[in-house]
Amino acid sequence: MSVVNDKGGRVPFNDLGRRHQSLAVELERVALRVMRGGWYVLGPEVEAFESEFAAYCGVRGCVGVANGTDALELAMRALGCGPGNEIVMVANAGMYAATACVAVGSTPVFADIDPIAGTPRAESIASLVGPRTRAIVVTHIHGIVVDVSEIRAAMGPADIAIIEDVAQAHGGALGGVRTGGLGDVAAFSFYPTKNLGAAGDGGAVTSNDPEVLEAVRELRQYGWTDRFVATRPGGRNSRLDEIQAGLLRVKLPGLDDGNERRRVIARAYVEAADGRLHFPHESARDYVGHLCVARHPERDRLRGLLEERGIGTAIHYPVPDHLQPALAGIAWRHVGLTETEREAREVFSLPCFPELTDDEVARVCDALGEIL
Ligand SMILES: Cc1ncc(COP(=O)(O)O)c(C=O)c1O
């Protein structure tokens, strides 16, 4: 995919309007069809999306839910996580897993990250596993696909479930297995900025385990096993609506091309920086370009210079989970998080979305050449 219709001006960090525009006729047709059809929540579009997305991920099943944080929470509940349990995770992934963990009453335990890739470090995770550990969240951060089998191997024979957080890595794969099928259960977000994004909130849980899928299916709707019969404790309302599911079905066939375009853009930035920025994704075995994150000790100065040149940037993420004020009153534990804290001071994200024009990418590259 190549885009050449640039009009000049600022290079935005993201522009979701362009994404809608590229598929506007089909997307608007689906939205109208659903509205006129009169069935708005958990209906035929959701069912069709669940089976199409499960097939895409190569897993037994998919359950649509209201957003990615709920997907994490319901996956944790389905695995039996609750008060008294610990869930091991990284602290550089936007606080989503910690939020879900606290919601189910478990204790977040933070492992440090790999200093090169920014991904969960297997030895750090293994050192935190104890008798109360119920699950580990593996976040494919920025779109870098983490080798889940390496983490499983580091844990030894312990019977602990691995939850993939795939909110940033739709369509990634390792050894022929797609994200969503690399662990025991996976949580997806379809927030509009994601590689597969809705026009509002949306999420899904995927798994090869029929019991986990059934549990999530019940938990997302009050614990109902039948209409108005709440059998499973811990249920709540977290349903995917028909319009979002219909829009996601239109976008799914373009996911791989979009990911490839993101990778092309990220490669162009790596070449332009010519070794003067550290790009965590360079060491990745697979990367879907959700965010093109760069690291530099003078991050704020470089962002300022890019801003002067009309290049939008962002920071993912400025505050590690263990330093978030909302966790101040909550028990959590960790080993040294030196790398996590260093990363938070150095990272910044460059514009990286499929609809960026070639000319805009060239302007970002020129700007990098000038400022570095
Ligand atoms: C890594 C990660 N996990 C979970 C989430 C939560 O998804 P949502 O915003 O749909 O709740 C996000 C999205 O923002 C994310 O980036």
# chains A, B, ... in the order shown; residues from 1 in each chain; ligands from 1

call {"tool": "select_by_dssp", "arguments": {"residues": "stretch 30-137 of chain A", "states": "helix (DSSP H, G or I)", "output": "PyMOL selection string"}}
result
chain A and resi 30-37+44-57+68-78+96-103+122-128

call {"tool": "residues_near_ligand", "arguments": {"ligand": "ligand 1", "cutoff": "8 Å", "atoms": "only C-alpha atoms and all ligand atoms", "output": "PDB file with all heavy atoms, in the first residue's frame"}}
result
ATOM      1  N   ALA A  66     -16.995  -5.106  25.795  1.00  0.00           N
ATOM      2  CA  ALA A  66     -17.172  -3.663  25.595  1.00  0.00           C
ATOM      3  C   ALA A  66     -15.885  -2.882  25.345  1.00  0.00           C
ATOM      4  O   ALA A  66     -15.920  -1.815  24.735  1.00  0.00           O
ATOM      5  CB  ALA A  66     -17.902  -3.070  26.804  1.00  0.00           C
ATOM      6  N   ASN A  67     -14.753  -3.366  25.817  1.00  0.00           N
ATOM      7  CA  ASN A  67     -13.476  -2.655  25.619  1.00  0.00           C
ATOM      8  C   ASN A  67     -12.324  -3.569  26.052  1.00  0.00           C
ATOM      9  O   ASN A  67     -12.551  -4.659  26.597  1.00  0.00           O
ATOM     10  CB  ASN A  67     -13.461  -1.325  26.409  1.00  0.00           C
ATOM     11  CG  ASN A  67     -13.671  -1.547  27.888  1.00  0.00           C
ATOM     12  OD1 ASN A  67     -12.835  -2.136  28.565  1.00  0.00           O
ATOM     13  ND2 ASN A  67     -14.822  -1.125  28.408  1.00  0.00           N
ATOM     14  N   GLY A  68     -11.106  -3.095  25.828  1.00  0.00           N
ATOM     15  CA  GLY A  68      -9.944  -3.938  26.103  1.00  0.00           C
ATOM     16  C   GLY A  68      -9.668  -4.142  27.580  1.00  0.00           C
ATOM     17  O   GLY A  68      -9.163  -5.199  27.986  1.00  0.00           O
ATOM     18  N   THR A  69      -9.986  -3.149  28.403  1.00  0.00           N
ATOM     19  CA  THR A  69      -9.753  -3.300  29.848  1.00  0.00           C
ATOM     20  C   THR A  69     -10.720  -4.331  30.414  1.00  0.00           C
ATOM     21  O   THR A  69     -10.350  -5.162  31.255  1.00  0.00           O
ATOM     22  CB  THR A  69      -9.913  -1.938  30.566  1.00  0.00           C
ATOM     23  OG1 THR A  69      -9.186  -0.959  29.828  1.00  0.00           O
ATOM     24  CG2 THR A  69      -9.376  -1.995  31.977  1.00  0.00           C
ATOM     25  N   ASP A  70     -11.969  -4.290  29.948  1.00  0.00           N
ATOM     26  CA  ASP A  70     -12.930  -5.328  30.353  1.00  0.00           C
ATOM     27  C   ASP A  70     -12.460  -6.704  29.880  1.00  0.00           C
ATOM     28  O   ASP A  70     -12.626  -7.709  30.581  1.00  0.00           O
ATOM     29  CB  ASP A  70     -14.308  -5.060  29.734  1.00  0.00           C
ATOM     30  CG  ASP A  70     -15.098  -3.988  30.484  1.00  0.00           C
ATOM     31  OD1 ASP A  70     -14.546  -3.394  31.438  1.00  0.00           O
ATOM     32  OD2 ASP A  70     -16.262  -3.748  30.108  1.00  0.00           O
ATOM     33  N   ALA A  71     -11.899  -6.757  28.671  1.00  0.00           N
ATOM     34  CA  ALA A  71     -11.423  -8.049  28.159  1.00  0.00           C
ATOM     35  C   ALA A  71     -10.374  -8.623  29.106  1.00  0.00           C
ATOM     36  O   ALA A  71     -10.400  -9.818  29.446  1.00  0.00           O
ATOM     37  CB  ALA A  71     -10.841  -7.877  26.754  1.00  0.00           C
ATOM     38  N   LEU A  72      -9.462  -7.769  29.574  1.00  0.00           N
ATOM     39  CA  LEU A  72      -8.456  -8.229  30.547  1.00  0.00           C
ATOM     40  C   LEU A  72      -9.124  -8.676  31.838  1.00  0.00           C
ATOM     41  O   LEU A  72      -8.823  -9.738  32.386  1.00  0.00           O
ATOM     42  CB  LEU A  72      -7.472  -7.087  30.855  1.00  0.00           C
ATOM     43  CG  LEU A  72      -6.434  -6.768  29.785  1.00  0.00           C
ATOM     44  CD1 LEU A  72      -5.792  -5.399  30.044  1.00  0.00           C
ATOM     45  CD2 LEU A  72      -5.352  -7.843  29.741  1.00  0.00           C
ATOM     46  N   ALA A  93       3.045  -0.462  30.494  1.00  0.00           N
ATOM     47  CA  ALA A  93       2.059  -0.722  29.445  1.00  0.00           C
ATOM     48  C   ALA A  93       0.748   0.013  29.672  1.00  0.00           C
ATOM     49  O   ALA A  93      -0.327  -0.474  29.339  1.00  0.00           O
ATOM     50  CB  ALA A  93       1.822  -2.233  29.327  1.00  0.00           C
ATOM     51  N   GLY A  94       0.824   1.198  30.265  1.00  0.00           N
ATOM     52  CA  GLY A  94      -0.348   2.075  30.300  1.00  0.00           C
ATOM     53  C   GLY A  94      -1.338   1.811  31.412  1.00  0.00           C
ATOM     54  O   GLY A  94      -2.437   2.370  31.401  1.00  0.00           O
ATOM     55  N   MET A  95      -0.997   0.918  32.361  1.00  0.00           N
ATOM     56  CA  MET A  95      -1.835   0.740  33.558  1.00  0.00           C
ATOM     57  C   MET A  95      -3.121  -0.057  33.307  1.00  0.00           C
ATOM     58  O   MET A  95      -3.926  -0.241  34.204  1.00  0.00           O
ATOM     59  CB  MET A  95      -2.134   2.147  34.126  1.00  0.00           C
ATOM     60  CG  MET A  95      -2.968   2.234  35.341  1.00  0.00           C
ATOM     61  SD  MET A  95      -2.101   2.019  36.876  1.00  0.00           S
ATOM     62  CE  MET A  95      -3.488   2.245  37.988  1.00  0.00           C
ATOM     63  N   TYR A  96      -3.315  -0.542  32.086  1.00  0.00           N
ATOM     64  CA  TYR A  96      -4.580  -1.228  31.778  1.00  0.00           C
ATOM     65  C   TYR A  96      -4.683  -2.560  32.533  1.00  0.00           C
ATOM     66  O   TYR A  96      -5.711  -2.861  33.132  1.00  0.00           O
ATOM     67  CB  TYR A  96      -4.707  -1.463  30.275  1.00  0.00           C
ATOM     68  CG  TYR A  96      -4.526  -0.195  29.486  1.00  0.00           C
ATOM     69  CD1 TYR A  96      -3.341   0.060  28.791  1.00  0.00           C
ATOM     70  CD2 TYR A  96      -5.522   0.777  29.469  1.00  0.00           C
ATOM     71  CE1 TYR A  96      -3.166   1.238  28.082  1.00  0.00           C
ATOM     72  CE2 TYR A  96      -5.348   1.963  28.765  1.00  0.00           C
ATOM     73  CZ  TYR A  96      -4.172   2.185  28.079  1.00  0.00           C
ATOM     74  OH  TYR A  96      -3.999   3.354  27.397  1.00  0.00           O
ATOM     75  N   ALA A  97      -3.609  -3.357  32.494  1.00  0.00           N
ATOM     76  CA  ALA A  97      -3.655  -4.660  33.176  1.00  0.00           C
ATOM     77  C   ALA A  97      -3.765  -4.469  34.682  1.00  0.00           C
ATOM     78  O   ALA A  97      -4.480  -5.219  35.368  1.00  0.00           O
ATOM     79  CB  ALA A  97      -2.418  -5.481  32.820  1.00  0.00           C
ATOM     80  N   THR A 139       2.231  -8.382  27.723  1.00  0.00           N
ATOM     81  CA  THR A 139       1.759  -7.313  26.835  1.00  0.00           C
ATOM     82  C   THR A 139       2.686  -7.210  25.622  1.00  0.00           C
ATOM     83  O   THR A 139       3.890  -7.014  25.773  1.00  0.00           O
ATOM     84  CB  THR A 139       1.743  -5.964  27.583  1.00  0.00           C
ATOM     85  OG1 THR A 139       0.918  -6.101  28.740  1.00  0.00           O
ATOM     86  CG2 THR A 139       1.192  -4.857  26.696  1.00  0.00           C
ATOM     87  N   HIS A 140       2.082  -7.327  24.437  1.00  0.00           N
ATOM     88  CA  HIS A 140       2.860  -7.157  23.193  1.00  0.00           C
ATOM     89  C   HIS A 140       2.943  -5.648  22.936  1.00  0.00           C
ATOM     90  O   HIS A 140       2.252  -5.093  22.085  1.00  0.00           O
ATOM     91  CB  HIS A 140       2.169  -7.868  22.030  1.00  0.00           C
ATOM     92  CG  HIS A 140       1.947  -9.336  22.249  1.00  0.00           C
ATOM     93  ND1 HIS A 140       2.979 -10.241  22.311  1.00  0.00           N
ATOM     94  CD2 HIS A 140       0.808 -10.059  22.411  1.00  0.00           C
ATOM     95  CE1 HIS A 140       2.492 -11.462  22.493  1.00  0.00           C
ATOM     96  NE2 HIS A 140       1.165 -11.373  22.567  1.00  0.00           N
ATOM     97  N   ILE A 141       3.820  -5.012  23.685  1.00  0.00           N
ATOM     98  CA  ILE A 141       3.811  -3.543  23.737  1.00  0.00           C
ATOM     99  C   ILE A 141       4.289  -2.908  22.421  1.00  0.00           C
ATOM    100  O   ILE A 141       5.230  -3.398  21.803  1.00  0.00           O
ATOM    101  CB  ILE A 141       4.664  -3.057  24.945  1.00  0.00           C
ATOM    102  CG1 ILE A 141       4.440  -1.587  25.232  1.00  0.00           C
ATOM    103  CG2 ILE A 141       6.142  -3.355  24.750  1.00  0.00           C
ATOM    104  CD1 ILE A 141       3.155  -1.288  25.927  1.00  0.00           C
ATOM    105  N   HIS A 142       3.641  -1.851  22.028  1.00  0.00           N
ATOM    106  CA  HIS A 142       3.926  -1.073  20.803  1.00  0.00           C
ATOM    107  C   HIS A 142       3.685  -1.875  19.528  1.00  0.00           C
ATOM    108  O   HIS A 142       3.961  -1.398  18.427  1.00  0.00           O
ATOM    109  CB  HIS A 142       5.381  -0.555  20.744  1.00  0.00           C
ATOM    110  CG  HIS A 142       5.853   0.129  21.974  1.00  0.00           C
ATOM    111  ND1 HIS A 142       7.169   0.154  22.368  1.00  0.00           N
ATOM    112  CD2 HIS A 142       5.169   0.818  22.923  1.00  0.00           C
ATOM    113  CE1 HIS A 142       7.291   0.824  23.498  1.00  0.00           C
ATOM    114  NE2 HIS A 142       6.074   1.228  23.857  1.00  0.00           N
ATOM    115  N   ASP A 165      -1.946  -9.596  26.417  1.00  0.00           N
ATOM    116  CA  ASP A 165      -2.611  -8.316  26.176  1.00  0.00           C
ATOM    117  C   ASP A 165      -2.262  -7.917  24.741  1.00  0.00           C
ATOM    118  O   ASP A 165      -1.130  -7.534  24.441  1.00  0.00           O
ATOM    119  CB  ASP A 165      -2.126  -7.251  27.173  1.00  0.00           C
ATOM    120  CG  ASP A 165      -2.855  -5.920  26.964  1.00  0.00           C
ATOM    121  OD1 ASP A 165      -3.466  -5.741  25.893  1.00  0.00           O
ATOM    122  OD2 ASP A 165      -2.797  -5.060  27.862  1.00  0.00           O
ATOM    123  N   VAL A 166      -3.264  -8.054  23.865  1.00  0.00           N
ATOM    124  CA  VAL A 166      -3.017  -7.871  22.429  1.00  0.00           C
ATOM    125  C   VAL A 166      -3.596  -6.546  21.925  1.00  0.00           C
ATOM    126  O   VAL A 166      -3.789  -6.360  20.727  1.00  0.00           O
ATOM    127  CB  VAL A 166      -3.594  -9.062  21.629  1.00  0.00           C
ATOM    128  CG1 VAL A 166      -2.933  -9.148  20.260  1.00  0.00           C
ATOM    129  CG2 VAL A 166      -3.369 -10.374  22.345  1.00  0.00           C
ATOM    130  N   ALA A 167      -3.839  -5.627  22.844  1.00  0.00           N
ATOM    131  CA  ALA A 167      -4.453  -4.360  22.426  1.00  0.00           C
ATOM    132  C   ALA A 167      -3.604  -3.610  21.402  1.00  0.00           C
ATOM    133  O   ALA A 167      -4.121  -2.807  20.633  1.00  0.00           O
ATOM    134  CB  ALA A 167      -4.671  -3.472  23.652  1.00  0.00           C
ATOM    135  N   GLN A 168      -2.283  -3.898  21.393  1.00  0.00           N
ATOM    136  CA  GLN A 168      -1.406  -3.160  20.476  1.00  0.00           C
ATOM    137  C   GLN A 168      -0.803  -4.072  19.412  1.00  0.00           C
ATOM    138  O   GLN A 168       0.143  -3.644  18.720  1.00  0.00           O
ATOM    139  CB  GLN A 168      -0.291  -2.472  21.278  1.00  0.00           C
ATOM    140  CG  GLN A 168      -0.834  -1.538  22.352  1.00  0.00           C
ATOM    141  CD  GLN A 168       0.214  -0.644  22.981  1.00  0.00           C
ATOM    142  OE1 GLN A 168       1.397  -0.719  22.661  1.00  0.00           O
ATOM    143  NE2 GLN A 168      -0.214   0.223  23.891  1.00  0.00           N
ATOM    144  N   ALA A 187      -6.571 -10.811  25.464  1.00  0.00           N
ATOM    145  CA  ALA A 187      -7.490  -9.671  25.538  1.00  0.00           C
ATOM    146  C   ALA A 187      -7.145  -8.684  24.428  1.00  0.00           C
ATOM    147  O   ALA A 187      -5.993  -8.260  24.302  1.00  0.00           O
ATOM    148  CB  ALA A 187      -7.353  -8.997  26.907  1.00  0.00           C
ATOM    149  N   PHE A 188      -8.140  -8.343  23.632  1.00  0.00           N
ATOM    150  CA  PHE A 188      -7.971  -7.363  22.554  1.00  0.00           C
ATOM    151  C   PHE A 188      -8.773  -6.105  22.880  1.00  0.00           C
ATOM    152  O   PHE A 188      -9.867  -6.179  23.446  1.00  0.00           O
ATOM    153  CB  PHE A 188      -8.526  -7.902  21.228  1.00  0.00           C
ATOM    154  CG  PHE A 188      -7.654  -8.939  20.577  1.00  0.00           C
ATOM    155  CD1 PHE A 188      -7.787 -10.282  20.910  1.00  0.00           C
ATOM    156  CD2 PHE A 188      -6.715  -8.583  19.616  1.00  0.00           C
ATOM    157  CE1 PHE A 188      -6.992 -11.248  20.297  1.00  0.00           C
ATOM    158  CE2 PHE A 188      -5.926  -9.536  18.998  1.00  0.00           C
ATOM    159  CZ  PHE A 188      -6.056 -10.880  19.347  1.00  0.00           C
ATOM    160  N   SER A 189      -8.245  -4.967  22.438  1.00  0.00           N
ATOM    161  CA  SER A 189      -9.010  -3.713  22.439  1.00  0.00           C
ATOM    162  C   SER A 189      -9.246  -3.312  20.987  1.00  0.00           C
ATOM    163  O   SER A 189      -8.364  -3.488  20.143  1.00  0.00           O
ATOM    164  CB  SER A 189      -8.214  -2.608  23.139  1.00  0.00           C
ATOM    165  OG  SER A 189      -8.793  -1.340  22.843  1.00  0.00           O
ATOM    166  N   PHE A 190     -10.426  -2.786  20.714  1.00  0.00           N
ATOM    167  CA  PHE A 190     -10.694  -2.208  19.388  1.00  0.00           C
ATOM    168  C   PHE A 190     -10.949  -0.706  19.509  1.00  0.00           C
ATOM    169  O   PHE A 190     -11.711  -0.121  18.743  1.00  0.00           O
ATOM    170  CB  PHE A 190     -11.889  -2.915  18.723  1.00  0.00           C
ATOM    171  CG  PHE A 190     -11.725  -4.407  18.634  1.00  0.00           C
ATOM    172  CD1 PHE A 190     -12.635  -5.262  19.259  1.00  0.00           C
ATOM    173  CD2 PHE A 190     -10.661  -4.965  17.949  1.00  0.00           C
ATOM    174  CE1 PHE A 190     -12.481  -6.637  19.200  1.00  0.00           C
ATOM    175  CE2 PHE A 190     -10.496  -6.346  17.885  1.00  0.00           C
ATOM    176  CZ  PHE A 190     -11.408  -7.178  18.514  1.00  0.00           C
ATOM    177  N   TYR A 191     -10.308  -0.096  20.502  1.00  0.00           N
ATOM    178  CA  TYR A 191     -10.344   1.372  20.628  1.00  0.00           C
ATOM    179  C   TYR A 191      -9.953   1.960  19.263  1.00  0.00           C
ATOM    180  O   TYR A 191      -9.142   1.373  18.546  1.00  0.00           O
ATOM    181  CB  TYR A 191      -9.354   1.769  21.738  1.00  0.00           C
ATOM    182  CG  TYR A 191      -9.341   3.242  22.055  1.00  0.00           C
ATOM    183  CD1 TYR A 191     -10.374   3.826  22.763  1.00  0.00           C
ATOM    184  CD2 TYR A 191      -8.279   4.051  21.631  1.00  0.00           C
ATOM    185  CE1 TYR A 191     -10.367   5.186  23.046  1.00  0.00           C
ATOM    186  CE2 TYR A 191      -8.268   5.410  21.910  1.00  0.00           C
ATOM    187  CZ  TYR A 191      -9.321   5.971  22.615  1.00  0.00           C
ATOM    188  OH  TYR A 191      -9.315   7.312  22.892  1.00  0.00           O
ATOM    189  N   LYS A 194      -6.482   1.662  17.540  1.00  0.00           N
ATOM    190  CA  LYS A 194      -5.792   0.365  17.444  1.00  0.00           C
ATOM    191  C   LYS A 194      -5.649  -0.072  15.987  1.00  0.00           C
ATOM    192  O   LYS A 194      -6.352   0.414  15.107  1.00  0.00           O
ATOM    193  CB  LYS A 194      -6.547  -0.706  18.240  1.00  0.00           C
ATOM    194  CG  LYS A 194      -6.756  -0.352  19.694  1.00  0.00           C
ATOM    195  CD  LYS A 194      -5.459  -0.043  20.423  1.00  0.00           C
ATOM    196  CE  LYS A 194      -5.693   0.207  21.900  1.00  0.00           C
ATOM    197  NZ  LYS A 194      -4.557   0.879  22.544  1.00  0.00           N
ATOM    198  N   ASP A 201     -15.811   2.334  21.577  1.00  0.00           N
ATOM    199  CA  ASP A 201     -15.126   1.288  22.333  1.00  0.00           C
ATOM    200  C   ASP A 201     -15.514  -0.103  21.853  1.00  0.00           C
ATOM    201  O   ASP A 201     -16.623  -0.316  21.350  1.00  0.00           O
ATOM    202  CB  ASP A 201     -15.469   1.420  23.823  1.00  0.00           C
ATOM    203  CG  ASP A 201     -14.594   2.456  24.528  1.00  0.00           C
ATOM    204  OD1 ASP A 201     -13.372   2.431  24.305  1.00  0.00           O
ATOM    205  OD2 ASP A 201     -15.140   3.277  25.291  1.00  0.00           O
ATOM    206  N   GLY A 202     -14.606  -1.025  22.040  1.00  0.00           N
ATOM    207  CA  GLY A 202     -14.881  -2.433  21.725  1.00  0.00           C
ATOM    208  C   GLY A 202     -13.720  -3.271  22.213  1.00  0.00           C
ATOM    209  O   GLY A 202     -12.612  -2.763  22.399  1.00  0.00           O
ATOM    210  N   GLY A 203     -13.971  -4.547  22.429  1.00  0.00           N
ATOM    211  CA  GLY A 203     -12.901  -5.442  22.857  1.00  0.00           C
ATOM    212  C   GLY A 203     -13.301  -6.882  22.620  1.00  0.00           C
ATOM    213  O   GLY A 203     -14.437  -7.158  22.211  1.00  0.00           O
TER     214      GLY A 203
END

call {"tool": "residues_around", "arguments": {"residues": "A:Thr179", "least_positions_apart": "2", "cutoff": "9 Å", "atoms": "only C-alpha atoms", "output": "ChimeraX atom specification"}}
result
/A:57-58,140,145,164,166,169-174,177,181-183,186

call {"tool": "write_last_selection", "arguments": {"atoms": "N, CA and C atoms", "output": "compact mmCIF listing (two decimals), in the first residue's frame"}}
result
# COMPACT_ATOMS: atom_id res chain seq x y z
N CYS A 57 -7.43 -15.16 13.92
CA CYS A 57 -6.39 -15.37 14.94
C CYS A 57 -5.98 -16.85 15.01
N GLY A 58 -6.74 -17.72 14.40
CA GLY A 58 -6.42 -19.15 14.44
C GLY A 58 -6.71 -19.77 15.79
N HIS A 140 2.08 -7.33 24.44
CA HIS A 140 2.86 -7.16 23.19
C HIS A 140 2.94 -5.65 22.94
N VAL A 145 5.81 -8.37 19.10
CA VAL A 145 5.26 -9.65 19.54
C VAL A 145 6.25 -10.34 20.47
N GLU A 164 -2.43 -12.97 27.24
CA GLU A 164 -1.80 -12.01 26.32
C GLU A 164 -2.62 -10.72 26.33
N VAL A 166 -3.26 -8.05 23.86
CA VAL A 166 -3.02 -7.87 22.43
C VAL A 166 -3.60 -6.55 21.93
N ALA A 169 -1.30 -5.28 19.27
CA ALA A 169 -0.59 -6.21 18.36
C ALA A 169 -1.51 -7.12 17.56
N HIS A 170 -2.64 -6.60 17.09
CA HIS A 170 -3.53 -7.39 16.25
C HIS A 170 -2.78 -7.84 15.00
N GLY A 171 -2.85 -9.14 14.74
CA GLY A 171 -2.27 -9.63 13.48
C GLY A 171 -0.81 -10.02 13.56
N GLY A 172 -0.19 -9.87 14.73
CA GLY A 172 1.20 -10.32 14.86
C GLY A 172 1.26 -11.84 14.93
N ALA A 173 2.45 -12.41 14.73
CA ALA A 173 2.57 -13.87 14.79
C ALA A 173 4.00 -14.26 15.12
N LEU A 174 4.14 -15.43 15.76
CA LEU A 174 5.45 -16.04 15.98
C LEU A 174 5.33 -17.51 15.68
N VAL A 177 2.01 -18.87 14.64
CA VAL A 177 0.85 -18.73 15.53
C VAL A 177 0.58 -17.25 15.75
N GLY A 181 -3.45 -16.35 20.20
CA GLY A 181 -3.40 -17.80 20.37
C GLY A 181 -2.07 -18.25 20.95
N LEU A 182 -1.25 -17.28 21.39
CA LEU A 182 0.09 -17.64 21.90
C LEU A 182 0.06 -18.02 23.38
N GLY A 183 -0.92 -17.50 24.12
CA GLY A 183 -1.02 -17.81 25.55
C GLY A 183 -2.24 -18.67 25.82
N ALA A 186 -6.48 -14.40 25.65
CA ALA A 186 -5.95 -13.12 25.17
C ALA A 186 -7.02 -12.05 25.23

call {"tool": "residues_around", "arguments": {"residues": "stretch 289-292 of chain A", "least_positions_apart": "3", "cutoff": "10 Å", "atoms": "only C-alpha atoms", "output": "PyMOL selection string"}}
result
chain A and resi 141-144+167-170+172+193-196+258-267+269-270+279-281+286+314+316+348-354

call {"tool": "write_last_selection", "arguments": {"atoms": "N, CA and C atoms", "output": "compact mmCIF listing (two decimals), in the first residue's frame"}}
result
# COMPACT_ATOMS: atom_id res chain seq x y z
N ILE A 141 3.82 -5.01 23.69
CA ILE A 141 3.81 -3.54 23.74
C ILE A 141 4.29 -2.91 22.42
N HIS A 142 3.64 -1.85 22.03
CA HIS A 142 3.93 -1.07 20.80
C HIS A 142 3.68 -1.87 19.53
N GLY A 143 3.26 -3.14 19.67
CA GLY A 143 3.12 -4.00 18.48
C GLY A 143 4.28 -4.97 18.34
N ILE A 144 5.14 -5.04 19.35
CA ILE A 144 6.26 -6.00 19.35
C ILE A 144 5.73 -7.32 19.90
N ALA A 167 -3.84 -5.63 22.84
CA ALA A 167 -4.45 -4.36 22.43
C ALA A 167 -3.60 -3.61 21.40
N GLN A 168 -2.28 -3.90 21.39
CA GLN A 168 -1.41 -3.16 20.48
C GLN A 168 -0.80 -4.07 19.41
N ALA A 169 -1.30 -5.28 19.27
CA ALA A 169 -0.59 -6.21 18.36
C ALA A 169 -1.51 -7.12 17.56
N HIS A 170 -2.64 -6.60 17.09
CA HIS A 170 -3.53 -7.39 16.25
C HIS A 170 -2.78 -7.84 15.00
N GLY A 172 -0.19 -9.87 14.73
CA GLY A 172 1.20 -10.32 14.86
C GLY A 172 1.26 -11.84 14.93
N THR A 193 -7.95 3.94 17.89
CA THR A 193 -6.56 4.09 17.40
C THR A 193 -5.87 2.76 17.14
N LYS A 194 -6.48 1.66 17.54
CA LYS A 194 -5.79 0.36 17.44
C LYS A 194 -5.65 -0.07 15.99
N ASN A 195 -4.77 -1.04 15.73
CA ASN A 195 -4.56 -1.50 14.34
C ASN A 195 -5.86 -2.03 13.75
N LEU A 196 -6.70 -2.62 14.58
CA LEU A 196 -8.09 -2.90 14.20
C LEU A 196 -8.95 -2.11 15.16
N GLY A 258 -2.66 -2.93 6.39
CA GLY A 258 -2.41 -1.78 7.28
C GLY A 258 -1.16 -2.01 8.11
N ASN A 259 -1.01 -3.23 8.65
CA ASN A 259 0.18 -3.54 9.45
C ASN A 259 1.45 -3.41 8.60
N GLU A 260 1.37 -3.88 7.34
CA GLU A 260 2.55 -3.81 6.47
C GLU A 260 2.92 -2.35 6.20
N ARG A 261 1.92 -1.52 5.96
CA ARG A 261 2.19 -0.09 5.72
C ARG A 261 2.84 0.54 6.97
N ARG A 262 2.37 0.17 8.15
CA ARG A 262 2.97 0.69 9.39
C ARG A 262 4.44 0.28 9.49
N ARG A 263 4.72 -1.00 9.12
CA ARG A 263 6.12 -1.47 9.19
C ARG A 263 7.00 -0.70 8.21
N VAL A 264 6.46 -0.42 7.02
CA VAL A 264 7.23 0.33 6.01
C VAL A 264 7.58 1.72 6.56
N ILE A 265 6.59 2.35 7.19
CA ILE A 265 6.81 3.70 7.75
C ILE A 265 7.89 3.64 8.85
N ALA A 266 7.75 2.65 9.74
CA ALA A 266 8.72 2.54 10.84
C ALA A 266 10.13 2.28 10.30
N ARG A 267 10.21 1.48 9.24
CA ARG A 267 11.55 1.21 8.64
C ARG A 267 12.16 2.50 8.09
N TYR A 269 11.76 5.48 9.21
CA TYR A 269 12.27 6.30 10.32
C TYR A 269 13.60 5.73 10.85
N VAL A 270 13.67 4.40 10.92
CA VAL A 270 14.91 3.78 11.42
C VAL A 270 16.06 4.17 10.49
N PHE A 279 15.40 2.31 18.54
CA PHE A 279 14.04 1.88 18.26
C PHE A 279 13.85 0.48 18.86
N PRO A 280 13.07 0.36 19.94
CA PRO A 280 12.89 -0.95 20.59
C PRO A 280 12.42 -2.05 19.62
N HIS A 281 11.63 -1.68 18.62
CA HIS A 281 11.07 -2.72 17.74
C HIS A 281 12.11 -3.36 16.83
N ASP A 286 8.72 -10.23 15.47
CA ASP A 286 7.61 -9.74 14.66
C ASP A 286 7.11 -8.45 15.29
N ALA A 314 4.01 11.80 20.52
CA ALA A 314 3.31 11.51 21.77
C ALA A 314 4.25 10.68 22.66
N HIS A 316 4.30 7.20 25.00
CA HIS A 316 3.64 5.98 25.48
C HIS A 316 4.65 5.15 26.28
N PHE A 348 9.51 8.27 23.05
CA PHE A 348 8.52 9.11 22.37
C PHE A 348 8.11 8.40 21.09
N SER A 349 6.87 8.70 20.66
CA SER A 349 6.29 7.96 19.53
C SER A 349 6.16 8.90 18.33
N LEU A 350 6.57 8.38 17.17
CA LEU A 350 6.50 9.15 15.92
C LEU A 350 5.21 8.81 15.17
N PRO A 351 4.75 9.68 14.27
CA PRO A 351 3.50 9.38 13.54
C PRO A 351 3.65 8.05 12.78
N CYS A 352 2.70 7.15 12.97
CA CYS A 352 2.80 5.84 12.31
C CYS A 352 1.41 5.26 12.16
N PHE A 353 0.72 5.68 11.11
CA PHE A 353 -0.60 5.09 10.82
C PHE A 353 -0.69 4.91 9.30
N PRO A 354 -1.46 3.92 8.86
CA PRO A 354 -1.40 3.52 7.45
C PRO A 354 -1.71 4.63 6.46

call {"tool": "closest_residue", "arguments": {"among": "A:Gly275, A:Pro320, A:Pro210, A:Pro108", "to": "A:Leu368", "atoms": "only C-alpha atoms"}}
result
A:Gly275

call {"tool": "closest_residue", "arguments": {"among": "A:Val34, A:Leu247, A:Val129, A:Val41", "to": "A:Arg152", "atoms": "only C-alpha atoms"}}
result
A:Val129

call {"tool": "residues_around", "arguments": {"residues": "A:Arg60", "least_positions_apart": "3", "cutoff": "8 Å", "atoms": "only C-alpha atoms", "output": "ChimeraX atom specification"}}
result
/A:54-55,206-210
